[in-house]
file run-v6.txt (compact mmCIF, C-alpha atoms)
# COMPACT_ATOMS: atom_id res chain seq x y z
CA MET A 1 15.22 -67.66 -120.68
CA ILE A 2 19.04 -67.73 -120.57
CA ARG A 3 19.13 -70.38 -123.31
CA GLN A 4 16.75 -68.29 -125.46
CA ALA A 5 18.99 -65.23 -125.07
CA PHE A 6 22.05 -67.33 -125.97
CA VAL A 7 20.37 -68.67 -129.13
CA LEU A 8 19.34 -65.12 -130.11
CA GLU A 9 22.88 -63.83 -129.60
CA ASN A 10 24.32 -66.83 -131.44
CA VAL A 11 22.08 -66.21 -134.47
CA ARG A 12 23.10 -62.54 -134.59
CA ASN A 13 26.75 -63.56 -134.92
CA LEU A 14 26.12 -65.65 -138.04
CA THR A 15 26.82 -64.53 -141.60
CA ASP A 16 24.00 -64.02 -144.08
CA GLY A 17 24.98 -67.27 -145.79
CA GLU A 18 24.82 -69.22 -142.54
CA LEU A 19 21.41 -67.73 -141.75
CA ILE A 20 20.14 -68.71 -145.20
CA ALA A 21 21.34 -72.28 -144.65
CA LYS A 22 19.52 -72.38 -141.30
CA ALA A 23 16.34 -70.95 -142.84
CA ILE A 24 16.41 -73.51 -145.67
CA GLY A 25 16.95 -76.20 -143.04
CA GLY A 26 13.74 -75.15 -141.29
CA ARG A 27 15.14 -72.90 -138.56
CA GLU A 28 12.74 -69.95 -138.37
CA ASP A 29 15.19 -67.86 -136.35
CA GLY A 30 17.55 -67.87 -139.35
CA PHE A 31 15.08 -66.05 -141.58
CA GLU A 32 13.86 -63.84 -138.72
CA GLU A 33 17.40 -62.57 -138.24
CA LEU A 34 17.71 -61.79 -141.97
CA VAL A 35 14.49 -59.78 -141.75
CA ARG A 36 15.77 -57.98 -138.64
CA ARG A 37 19.00 -57.04 -140.43
CA TYR A 38 17.48 -55.80 -143.66
CA GLN A 39 13.88 -54.73 -143.03
CA ARG A 40 14.70 -51.13 -142.11
CA PRO A 41 17.10 -50.35 -145.02
CA ILE A 42 14.83 -52.11 -147.55
CA THR A 43 11.77 -50.19 -146.29
CA ALA A 44 13.74 -46.92 -146.50
CA TYR A 45 14.87 -47.72 -150.04
CA VAL A 46 11.36 -48.66 -151.22
CA TYR A 47 9.87 -45.60 -149.50
CA ARG A 48 12.28 -43.29 -151.30
CA MET A 49 11.36 -44.97 -154.57
CA LEU A 50 7.58 -44.75 -154.04
CA ASN A 51 7.30 -41.72 -151.73
CA ASN A 52 4.35 -43.48 -150.07
CA TYR A 53 4.78 -44.84 -146.54
CA ASP A 54 1.88 -47.33 -146.50
CA ALA A 55 2.77 -48.65 -149.94
CA SER A 56 6.42 -49.03 -148.93
CA LEU A 57 5.42 -51.22 -145.96
CA ASP A 58 3.24 -53.40 -148.20
CA VAL A 59 5.94 -53.72 -150.86
CA THR A 60 8.61 -54.51 -148.25
CA GLN A 61 6.43 -57.27 -146.81
CA GLU A 62 5.96 -58.62 -150.33
CA VAL A 63 9.74 -58.49 -150.85
CA PHE A 64 10.46 -60.64 -147.79
CA ILE A 65 7.73 -63.13 -148.75
CA LYS A 66 9.38 -63.46 -152.17
CA VAL A 67 12.80 -63.82 -150.53
CA TYR A 68 11.52 -66.54 -148.19
CA ASN A 69 9.94 -68.46 -151.06
CA SER A 70 13.07 -68.12 -153.21
CA LEU A 71 15.80 -68.88 -150.65
CA GLU A 72 16.55 -72.30 -152.15
CA ARG A 73 17.24 -70.62 -155.51
CA TYR A 74 19.64 -68.08 -154.01
CA SER A 75 23.18 -68.47 -155.33
CA SER A 76 26.07 -67.74 -152.97
CA ASP A 77 27.97 -66.44 -156.02
CA TYR A 78 26.22 -63.14 -155.25
CA LYS A 79 26.08 -61.10 -152.06
CA PHE A 80 22.77 -61.69 -150.30
CA SER A 81 22.22 -57.94 -149.94
CA THR A 82 22.65 -57.44 -153.71
CA TRP A 83 20.14 -60.21 -154.42
CA LEU A 84 17.74 -58.73 -151.85
CA TYR A 85 17.97 -55.20 -153.27
CA ARG A 86 17.33 -56.58 -156.75
CA ILE A 87 14.08 -58.18 -155.54
CA ALA A 88 13.14 -54.91 -153.80
CA HIS A 89 13.99 -52.93 -156.94
CA ASN A 90 11.78 -55.17 -159.09
CA ALA A 91 8.93 -55.07 -156.56
CA ALA A 92 9.01 -51.25 -156.41
CA ILE A 93 9.04 -50.97 -160.22
CA ASP A 94 6.16 -53.48 -160.45
CA PHE A 95 4.16 -51.45 -157.92
CA MET A 96 4.71 -48.25 -159.90
CA ARG A 97 3.62 -49.92 -163.13
CA LYS A 98 0.49 -51.46 -161.57
CA ASN A 99 -0.46 -48.15 -159.98
CA SER A 100 0.27 -46.02 -163.02
CA VAL A 101 3.28 -44.30 -161.48
CA ASN A 102 5.40 -43.57 -164.52
CA PRO A 103 8.91 -45.05 -164.07
CA GLN A 104 10.00 -42.68 -166.91
CA SER A 105 11.44 -43.62 -170.26
CA LEU A 106 14.78 -45.40 -170.40
CA GLU A 107 17.37 -43.67 -172.51
CA ALA A 108 21.13 -44.15 -172.73
CA GLU A 109 23.42 -41.38 -171.54
CA ASN A 110 26.98 -40.42 -172.40
CA ALA A 111 29.80 -39.16 -170.13
CA ASP A 112 30.98 -40.25 -166.72
CA GLY A 113 32.00 -38.71 -163.41
CA SER A 114 31.40 -38.80 -159.69
CA PHE A 115 31.34 -36.72 -156.53
CA GLN A 116 30.15 -37.26 -152.98
CA LEU A 117 26.78 -35.79 -152.06
CA GLN A 118 27.83 -34.90 -148.55
CA ILE A 119 30.83 -35.13 -146.25
CA GLU A 120 30.23 -36.54 -142.79
CA SER A 121 32.10 -35.05 -139.82
CA PRO A 122 32.98 -37.69 -137.19
CA ASN A 123 32.06 -35.51 -134.16
CA PRO A 124 29.68 -32.74 -135.24
CA THR A 125 28.73 -29.90 -132.93
CA PRO A 126 24.99 -29.32 -132.31
CA GLU A 127 25.12 -26.49 -134.85
CA GLN A 128 26.84 -28.73 -137.42
CA GLU A 129 24.30 -31.47 -136.71
CA ARG A 130 21.42 -29.05 -137.31
CA GLU A 131 22.98 -27.81 -140.55
CA ARG A 132 23.68 -31.35 -141.66
CA SER A 133 20.09 -32.38 -140.93
CA GLU A 134 18.80 -29.44 -142.99
CA TRP A 135 21.24 -30.29 -145.80
CA ARG A 136 20.07 -33.95 -145.78
CA LYS A 137 16.45 -32.78 -146.07
CA GLU A 138 17.41 -30.51 -148.96
CA ILE A 139 19.22 -33.38 -150.71
CA GLU A 140 16.24 -35.72 -150.22
CA SER A 141 13.93 -33.04 -151.60
CA VAL A 142 16.12 -32.67 -154.69
CA VAL A 143 16.41 -36.45 -155.17
CA LYS A 144 12.58 -36.67 -155.17
CA CYS A 145 12.54 -34.29 -158.16
CA LEU A 146 14.55 -36.73 -160.30
CA PRO A 147 12.86 -39.07 -162.81
CA THR A 148 12.52 -42.54 -161.28
CA VAL A 149 15.24 -44.20 -163.37
CA TYR A 150 17.77 -41.66 -162.08
CA ARG A 151 16.41 -41.42 -158.53
CA GLU A 152 16.72 -45.16 -157.88
CA LEU A 153 20.38 -45.18 -158.97
CA ILE A 154 21.22 -42.22 -156.72
CA LEU A 155 19.50 -43.97 -153.80
CA LEU A 156 21.34 -47.24 -154.40
CA ARG A 157 24.69 -45.47 -154.76
CA HIS A 158 24.51 -42.85 -152.01
CA ALA A 159 21.77 -43.92 -149.59
CA GLN A 160 22.59 -47.65 -149.65
CA ASP A 161 26.33 -47.19 -150.44
CA LEU A 162 26.38 -49.89 -153.13
CA SER A 163 29.13 -50.20 -155.73
CA TYR A 164 28.57 -49.58 -159.45
CA ASP A 165 28.86 -53.33 -160.05
CA GLU A 166 26.24 -54.11 -157.39
CA ILE A 167 23.88 -51.50 -158.84
CA ALA A 168 24.30 -52.99 -162.32
CA GLU A 169 23.47 -56.43 -160.88
CA ILE A 170 20.39 -55.16 -159.00
CA THR A 171 18.95 -53.11 -161.88
CA ASN A 172 20.02 -55.50 -164.65
CA LEU A 173 21.62 -52.57 -166.50
CA PRO A 174 25.04 -52.54 -168.23
CA LEU A 175 27.76 -51.09 -166.02
CA GLY A 176 28.39 -48.25 -168.49
CA THR A 177 24.70 -47.29 -168.43
CA VAL A 178 24.73 -47.20 -164.62
CA LYS A 179 27.74 -44.87 -164.62
CA ASN A 180 26.29 -42.66 -167.35
CA ARG A 181 22.91 -42.34 -165.67
CA LEU A 182 24.51 -41.57 -162.30
CA PHE A 183 26.54 -38.85 -163.99
CA ARG A 184 23.37 -37.45 -165.60
CA ALA A 185 21.46 -37.70 -162.29
CA ARG A 186 24.16 -35.73 -160.48
CA GLU A 187 24.13 -33.09 -163.22
CA MET A 188 20.34 -32.81 -162.88
CA MET A 189 20.72 -32.46 -159.12
CA ARG A 190 23.38 -29.79 -159.57
CA GLU A 191 21.00 -27.83 -161.84
CA ILE A 192 18.17 -28.09 -159.28
CA PHE A 193 20.49 -26.95 -156.48
CA ASN A 194 21.61 -23.99 -158.61
CA ASP A 195 17.98 -23.06 -159.29
CA ARG A 196 17.37 -23.12 -155.53
CA GLY A 197 20.30 -20.81 -154.90
CA PHE A 198 22.91 -23.39 -153.83
CA LYS A 199 25.82 -22.30 -156.02
CA GLY A 200 28.98 -24.37 -156.40
CA VAL A 201 27.34 -27.71 -155.52
call {"tool": "encode", "arguments": {"input": "run-v6.txt", "output": "structure tokens"}}
result
Amino acid sequence: MIRQAFVLENVRNLTDGELIAKAIGGREDGFEELVRRYQRPITAYVYRMLNNYDASLDVTQEVFIKVYNSLERYSSDYKFSTWLYRIAHNAAIDFMRKNSVNPQSLEAENADGSFQLQIESPNPTPEQERERSEWRKEIESVVKCLPTVYRELILLRHAQDLSYDEIAEITNLPLGTVKNRLFRAREMMREIFNDRGFKGV
């Protein structure tokens, strides 16, 4: 029992790259730890893309099966999380296409810009926490109104905190297109907030 706990703790201290090496070498605990680290954020990302809980669980399971079967082709030139999100992105898009969920037309945008969707306070009061929770729900509601091609970029940027470069790698879009679409997505969100009475957002 003590040895098992030590092995578990030891695995949790390893980097993603070390876990991948262990998994490729036949150590099941290596891949299990990767799943433990990323299952929740990947499920959350897929759910926000599909807005369907059961489907998000199925797609997430499919994602990790693909990851497991592709580990030997993974290149350490890329961050594992970026590679993983790209597989999840493709799986979600595939699901939408197969189930006639329109991923919307792809068109180029012009202009650039950025702003933070929300500011976190390190030690919120209960009242601040309640307001922040309501504001998060409002933001999620507005994000759901966006066309898929914009919604996924907002989720990758603000929910998953990925860089523009990482988003470009995951979505296979030019960096300029990522920036332009994020700018357009934020403008669309601003318009929706204004329509709902949130002025100055």
call {"tool": "closest_residue", "arguments": {"input": "run-v6.txt", "among": "A:Val46, A:Asp58, A:Leu71, A:Ala21", "to": "Asn90 of chain A", "atoms": "only C-alpha atoms"}}
result
A:Val46
call {"tool": "axis_aligned_box", "arguments": {"input": "run-v6.txt", "around": "segment 38-49 of chain A", "padding_each_side": "4 Å", "output": "lines of an AutoDock Vina configuration file"}}
result
center_x = 13.7
center_y = -49.5
center_z = -148.3
size_x = 15.6
size_y = 20.5
size_z = 20.5
call {"tool": "closest_residue", "arguments": {"input": "run-v6.txt", "among": "A:Asn52, A:Leu155, A:Ile24, A:Leu19", "to": "Arg37 of chain A", "atoms": "all atoms listed in the file"}}
result
A:Leu19
call {"tool": "atom_distance", "arguments": {"input": "run-v6.txt", "atom1": "atom CA of Arg36 of chain A", "atom2": "atom CA of Arg130 of chain A"}}
result
29.5 Å
call {"tool": "closest_atom_pairs", "arguments": {"input": "run-v6.txt", "of": "segment 8-86 of chain A", "to": "segment 159-175 of chain A", "cutoff": "9 Å", "atoms": "all atoms listed in the file", "output": "Markdown table"}}
result
| residue | atom | partner | partner_atom | distance |
| --- | --- | --- | --- | --- |
| A:Pro41 | CA | A:Gln160 | CA | 7.7 |
| A:Tyr45 | CA | A:Gln160 | CA | 7.7 |
| A:Lys79 | CA | A:Glu166 | CA | 8.8 |
| A:Thr82 | CA | A:Glu166 | CA | 6.1 |
| A:Trp83 | CA | A:Ile170 | CA | 6.8 |
| A:Leu84 | CA | A:Ile170 | CA | 8.4 |
| A:Tyr85 | CA | A:Ile170 | CA | 6.2 |
| A:Arg86 | CA | A:Ile170 | CA | 4.1 |
call {"tool": "closest_residue", "arguments": {"input": "run-v6.txt", "among": "A:Thr60, A:Ala55, A:Val35, A:Val142", "to": "Arg196 of chain A", "atoms": "all atoms listed in the file"}}
result
A:Val142
